[in-house]
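Source file: data_29.cif. Holds: mmCIF, C-alpha atoms; chains and numbers go by the auth columns.
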data_run
#
loop_
_atom_site.group_PDB
_atom_site.id
_atom_site.type_symbol
_atom_site.label_atom_id
_atom_site.label_comp_id
_atom_site.label_asym_id
_atom_site.label_seq_id
_atom_site.Cartn_x
_atom_site.Cartn_y
_atom_site.Cartn_z
_atom_site.B_iso_or_equiv
_atom_site.auth_seq_id
_atom_site.auth_asym_id
ATOM 1 C CA LYS A 1 108.507 119.875 45.566 0.00 1476 A
ATOM 2 C CA ILE A 2 104.809 119.694 46.449 0.00 1477 A
ATOM 3 C CA ALA A 3 102.749 122.833 46.419 0.00 1478 A
ATOM 4 C CA ASP A 4 100.186 123.329 49.207 0.00 1479 A
ATOM 5 C CA ALA A 5 97.470 123.629 46.546 0.00 1480 A
ATOM 6 C CA ASN A 6 98.125 119.977 45.577 0.00 1481 A
ATOM 7 C CA VAL A 7 97.739 118.573 49.105 0.00 1482 A
ATOM 8 C CA THR A 8 94.412 117.857 50.775 0.00 1483 A
ATOM 9 C CA PHE A 9 94.308 118.239 54.554 0.00 1484 A
ATOM 10 C CA ALA A 10 91.634 116.604 56.702 0.00 1485 A
ATOM 11 C CA LYS A 11 89.866 118.751 59.242 0.00 1486 A
ATOM 12 C CA LEU A 12 90.750 117.757 62.773 0.00 1487 A
ATOM 13 C CA THR A 13 87.720 118.106 64.974 0.00 1488 A
ATOM 14 C CA ASP A 14 88.748 115.668 67.693 0.00 1489 A
ATOM 15 C CA VAL A 15 91.822 117.449 69.067 0.00 1490 A
ATOM 16 C CA ILE A 16 91.918 118.122 72.786 0.00 1491 A
ATOM 17 C CA ASP A 17 93.789 120.812 74.658 0.00 1492 A
ATOM 18 C CA ASP A 18 93.568 119.387 78.175 0.00 1493 A
ATOM 19 C CA ASP A 19 96.608 119.536 80.473 0.00 1494 A
ATOM 20 C CA THR A 20 95.150 116.841 82.764 0.00 1495 A
ATOM 21 C CA MET A 21 94.173 114.493 79.896 0.00 1496 A
ATOM 22 C CA ALA A 22 90.814 113.976 81.626 0.00 1497 A
ATOM 23 C CA THR A 23 89.033 114.179 78.246 0.00 1498 A
ATOM 24 C CA ALA A 24 91.532 111.980 76.367 0.00 1499 A
ATOM 25 C CA SER A 25 90.425 108.846 74.537 0.00 1500 A
ATOM 26 C CA ALA A 26 91.898 106.280 72.183 0.00 1501 A
ATOM 27 C CA THR A 27 90.567 108.193 69.159 0.00 1502 A
ATOM 28 C CA LYS A 28 91.414 111.810 70.044 0.00 1503 A
ATOM 29 C CA LEU A 29 94.633 113.698 69.375 0.00 1504 A
ATOM 30 C CA ALA A 30 96.196 115.968 71.981 0.00 1505 A
ATOM 31 C CA THR A 31 98.181 119.137 71.483 0.00 1506 A
ATOM 32 C CA SER A 32 101.892 118.957 72.187 0.00 1507 A
ATOM 33 C CA GLU A 33 101.428 121.624 74.874 0.00 1508 A
ATOM 34 C CA SER A 34 98.899 119.394 76.672 0.00 1509 A
ATOM 35 C CA ILE A 35 101.129 116.342 76.431 0.00 1510 A
ATOM 36 C CA LYS A 36 104.115 118.279 77.804 0.00 1511 A
ATOM 37 C CA ALA A 37 102.058 119.745 80.666 0.00 1512 A
ATOM 38 C CA TYR A 38 100.694 116.283 81.530 0.00 1513 A
ATOM 39 C CA VAL A 39 104.151 114.647 81.570 0.00 1514 A
ATOM 40 C CA ASP A 40 105.768 117.569 83.441 0.00 1515 A
ATOM 41 C CA GLY A 41 102.965 117.311 86.015 0.00 1516 A
ATOM 42 C CA GLY A 42 103.727 113.682 86.808 0.00 1517 A
ATOM 43 C CA GLY A 43 101.619 111.911 84.200 0.00 1518 A
ATOM 44 C CA GLY A 44 98.641 111.375 86.472 0.00 1519 A
ATOM 45 C CA PHE A 45 100.641 109.651 89.230 0.00 1520 A
ATOM 46 C CA THR A 46 100.929 111.670 92.389 0.00 1521 A
ATOM 47 C CA PRO A 47 102.684 110.691 95.607 0.00 1522 A
ATOM 48 C CA SER A 48 99.423 111.388 97.435 0.00 1523 A
ATOM 49 C CA THR A 49 98.167 108.030 96.116 0.00 1524 A
ATOM 50 C CA TYR A 50 100.646 106.350 98.466 0.00 1525 A
ATOM 51 C CA ALA A 51 99.448 106.170 102.061 0.00 1526 A
ATOM 52 C CA GLY A 52 102.451 104.522 103.753 0.00 1527 A
ATOM 53 C CA GLU A 53 101.558 100.891 103.156 0.00 1528 A
ATOM 54 C CA GLU A 54 103.984 98.110 102.271 0.00 1529 A
ATOM 55 C CA SER A 55 103.274 98.427 98.537 0.00 1530 A
ATOM 56 C CA VAL A 56 102.302 100.809 95.784 0.00 1531 A
ATOM 57 C CA THR A 57 100.969 99.990 92.312 0.00 1532 A
ATOM 58 C CA LEU A 58 102.526 102.040 89.527 0.00 1533 A
ATOM 59 C CA PRO A 59 100.533 103.330 86.540 0.00 1534 A
ATOM 60 C CA ASN A 60 102.038 100.627 84.285 0.00 1535 A
ATOM 61 C CA GLY A 61 100.722 97.859 86.572 0.00 1536 A
ATOM 62 C CA LEU A 62 104.000 96.986 88.283 0.00 1537 A
ATOM 63 C CA ILE A 63 103.798 96.648 92.050 0.00 1538 A
ATOM 64 C CA MET A 64 106.596 97.769 94.400 0.00 1539 A
ATOM 65 C CA LYS A 65 106.737 96.391 97.914 0.00 1540 A
ATOM 66 C CA PHE A 66 109.298 97.564 100.446 0.00 1541 A
ATOM 67 C CA GLY A 67 110.317 97.422 104.069 0.00 1542 A
ATOM 68 C CA SER A 68 113.197 96.640 106.404 0.00 1543 A
ATOM 69 C CA GLN A 69 114.216 93.693 108.526 0.00 1544 A
ATOM 70 C CA THR A 70 116.912 93.169 111.155 0.00 1545 A
ATOM 71 C CA VAL A 71 118.913 90.023 110.412 0.00 1546 A
ATOM 72 C CA GLY A 72 121.464 88.499 112.786 0.00 1547 A
ATOM 73 C CA SER A 73 125.097 87.925 111.823 0.00 1548 A
ATOM 74 C CA ASP A 74 125.660 85.077 109.371 0.00 1549 A
ATOM 75 C CA SER A 75 121.976 84.131 109.470 0.00 1550 A
ATOM 76 C CA THR A 76 118.676 84.339 107.616 0.00 1551 A
ATOM 77 C CA ALA A 77 115.284 85.969 108.159 0.00 1552 A
ATOM 78 C CA SER A 78 112.005 85.452 106.340 0.00 1553 A
ATOM 79 C CA VAL A 79 110.004 88.299 104.826 0.00 1554 A
ATOM 80 C CA SER A 80 106.301 87.681 104.251 0.00 1555 A
ATOM 81 C CA PHE A 81 104.328 90.252 102.273 0.00 1556 A
ATOM 82 C CA SER A 82 101.098 91.481 103.829 0.00 1557 A
ATOM 83 C CA GLU A 83 99.509 90.753 100.444 0.00 1558 A
ATOM 84 C CA ALA A 84 101.071 88.455 97.836 0.00 1559 A
ATOM 85 C CA PHE A 85 101.919 89.568 94.313 0.00 1560 A
ATOM 86 C CA PRO A 86 99.077 88.425 92.022 0.00 1561 A
ATOM 87 C CA ASN A 87 101.336 86.803 89.402 0.00 1562 A
ATOM 88 C CA LEU A 88 105.087 86.958 89.751 0.00 1563 A
ATOM 89 C CA ILE A 89 107.925 88.534 91.710 0.00 1564 A
ATOM 90 C CA VAL A 90 110.408 89.965 89.196 0.00 1565 A
ATOM 91 C CA GLN A 91 113.236 91.185 91.409 0.00 1566 A
ATOM 92 C CA VAL A 92 114.272 91.797 95.024 0.00 1567 A
ATOM 93 C CA GLN A 93 116.836 94.451 95.971 0.00 1568 A
ATOM 94 C CA LEU A 94 118.583 94.456 99.350 0.00 1569 A
ATOM 95 C CA THR A 95 120.615 97.211 101.019 0.00 1570 A
ATOM 96 C CA ILE A 96 122.501 97.024 104.311 0.00 1571 A
ATOM 97 C CA LYS A 97 121.593 100.073 106.390 0.00 1572 A
ATOM 98 C CA THR A 98 124.230 99.251 109.013 0.00 1573 A
ATOM 99 C CA ILE A 99 127.783 100.597 108.690 0.00 1574 A
ATOM 100 C CA ILE A 100 130.192 97.866 107.610 0.00 1575 A
ATOM 101 C CA SER A 101 133.939 98.113 108.208 0.00 1576 A
ATOM 102 C CA LEU A 102 136.095 98.238 105.097 0.00 1577 A
ATOM 103 C CA GLY A 103 137.660 94.876 104.392 0.00 1578 A
ATOM 104 C CA SER A 104 135.008 92.977 106.342 0.00 1579 A
ATOM 105 C CA ASP A 105 133.386 89.897 104.909 0.00 1580 A
ATOM 106 C CA ALA A 106 129.782 90.841 104.097 0.00 1581 A
ATOM 107 C CA GLY A 107 127.195 89.743 101.626 0.00 1582 A
ATOM 108 C CA LEU A 108 123.448 89.708 101.121 0.00 1583 A
ATOM 109 C CA SER A 109 121.133 87.579 99.077 0.00 1584 A
ATOM 110 C CA ALA A 110 117.398 87.155 98.622 0.00 1585 A
ATOM 111 C CA THR A 111 116.576 83.469 98.307 0.00 1586 A
ATOM 112 C CA SER A 112 113.414 81.365 98.133 0.00 1587 A
ATOM 113 C CA GLN A 113 111.526 84.112 96.295 0.00 1588 A
ATOM 114 C CA THR A 114 107.790 83.490 95.882 0.00 1589 A
ATOM 115 C CA THR A 115 104.803 85.743 95.288 0.00 1590 A
ATOM 116 C CA SER A 116 104.228 85.822 99.045 0.00 1591 A
ATOM 117 C CA GLY A 117 107.756 86.518 100.310 0.00 1592 A
ATOM 118 C CA PHE A 118 111.463 85.664 100.328 0.00 1593 A
ATOM 119 C CA THR A 119 114.379 84.910 102.664 0.00 1594 A
ATOM 120 C CA ILE A 120 117.208 87.356 103.410 0.00 1595 A
ATOM 121 C CA GLN A 121 120.662 85.865 103.943 0.00 1596 A
ATOM 122 C CA ASN A 122 123.032 88.167 105.852 0.00 1597 A
ATOM 123 C CA GLY A 123 126.673 87.142 105.467 0.00 1598 A
ATOM 124 C CA SER A 124 128.122 89.977 107.542 0.00 1599 A
ATOM 125 C CA ALA A 125 129.896 89.401 110.848 0.00 1600 A
ATOM 126 C CA GLY A 126 127.281 91.425 112.726 0.00 1601 A
ATOM 127 C CA ALA A 127 123.552 91.901 112.902 0.00 1602 A
ATOM 128 C CA ALA A 128 122.306 94.315 110.253 0.00 1603 A
ATOM 129 C CA THR A 129 119.191 96.217 109.346 0.00 1604 A
ATOM 130 C CA ILE A 130 118.353 95.346 105.752 0.00 1605 A
ATOM 131 C CA SER A 131 116.141 97.537 103.565 0.00 1606 A
ATOM 132 C CA TRP A 132 114.381 95.561 100.847 0.00 1607 A
ATOM 133 C CA MET A 133 112.337 96.348 97.756 0.00 1608 A
ATOM 134 C CA ALA A 134 110.494 93.757 95.703 0.00 1609 A
ATOM 135 C CA ILE A 135 109.027 94.403 92.260 0.00 1610 A
ATOM 136 C CA GLY A 136 106.399 92.240 90.615 0.00 1611 A
ATOM 137 C CA TYR A 137 102.953 92.178 89.067 0.00 1612 A
#
How does the structure come out when it is put into structure tokens?
Amino acid sequence: KIADANVTFAKLTDVIDDDTMATASATKLATSESIKAYVDGGGGFTPSTYAGEESVTLPNGLIMKFGSQTVGSDSTASVSFSEAFPNLIVQVQLTIKTIISLGSDAGLSATSQTTSGFTIQNGSAGAATISWMAIGY
């Protein structure tokens, strides 16, 4: 057991209580109330920073690009980004927006992925609108 009289506490003069973290720095501490308010408020990222373009850059530096493309039955279509990823494309996700009959032969793949685009392969028996999302940095 340690008595409080035997423990020396440093005075904390660089503690902030700022719900927006506007006064934060690498050497200041923040109150737990400020941290919670900042995280609950979106952590500084607001949807208003997105203006409807093809891509958005997240606070951690990842870039999301998205769009849609109509692809004919059993065929391919190229997607070219309006601006290439600076370094690398990490992943492409594809979703068929068209209703597909149960038991039908359908498949999608994103091939030939580069920082500037990719190719969608539509294996369904009909033309389909494909939503895509690419993540990179």
Polymer residues at most 10 Å from segment 1582-1594 of chain A, all atoms listed in the file, same-chain spacing of 2 or more positions, as a ChimeraX atom specification | /A:1549,1551-1571,1579-1580,1596-1600,1605,1607,1609,1611-1612
Please provide as a JSON list (two decimals) with C-alpha atoms, in the frame of the given file all residues within 7 Å of segment 1500-1507 of chain A, with the sequence filter that same-chain residues fewer than 5 positions apart are discarded (counting only C-alpha atoms).
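File produced: result31.json:
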[["chain", "number", "residue", "atom", "x", "y", "z"],
["A", 1489, "ASP", "CA", 88.75, 115.67, 67.69],
["A", 1490, "VAL", "CA", 91.82, 117.45, 69.07],
["A", 1491, "ILE", "CA", 91.92, 118.12, 72.79],
["A", 1492, "ASP", "CA", 93.79, 120.81, 74.66]]
Centre and edge lengths, as AutoDock Vina command-line options, for the axis-aligned box enclosing every listed atom of segment 1598-1603 of chain A with 3 Å of padding on each of the six sides, in Å to one decimal?
--center_x 126.1 --center_y 90.7 --center_z 109.2 --size_x 13.6 --size_y 13.2 --size_z 13.4
Separation of atom CA of Gly1601 of chain A from atom CA of Ser1543 of chain A, in Å and rounded to one decimal |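 Separating atom CA of Gly1601 of chain A from atom CA of Ser1543 of chain A is a distance of 16.3 Å.
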Pairwise distance for atom CA of Gly1516 of chain A and atom CA of Asn1535 of chain A, rounded to one decimal in Å |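 So the answer is 16.8 Å.
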At what distance in Å, to one decimal, does atom CA of Thr1532 of chain A lie from atom CA of Val1546 of chain A?
-> 27.4 Å
Exercise: Thr1573 of chain A partners within 9 Å, all atoms listed in the file, chain neighbours under 4 positions left out, as an mmCIF file with C-alpha atoms, in the coordinates of the input:
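Contents of around-v3.cif, freshly written:
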data_model
loop_
_atom_site.group_PDB
_atom_site.id
_atom_site.type_symbol
_atom_site.label_atom_id
_atom_site.label_comp_id
_atom_site.auth_asym_id
_atom_site.auth_seq_id
_atom_site.Cartn_x
_atom_site.Cartn_y
_atom_site.Cartn_z
ATOM 1 C CA ALA A 1602 123.552 91.901 112.902
ATOM 2 C CA ALA A 1603 122.306 94.315 110.253
ATOM 3 C CA THR A 1604 119.191 96.217 109.346
ATOM 4 C CA ILE A 1605 118.353 95.346 105.752
#
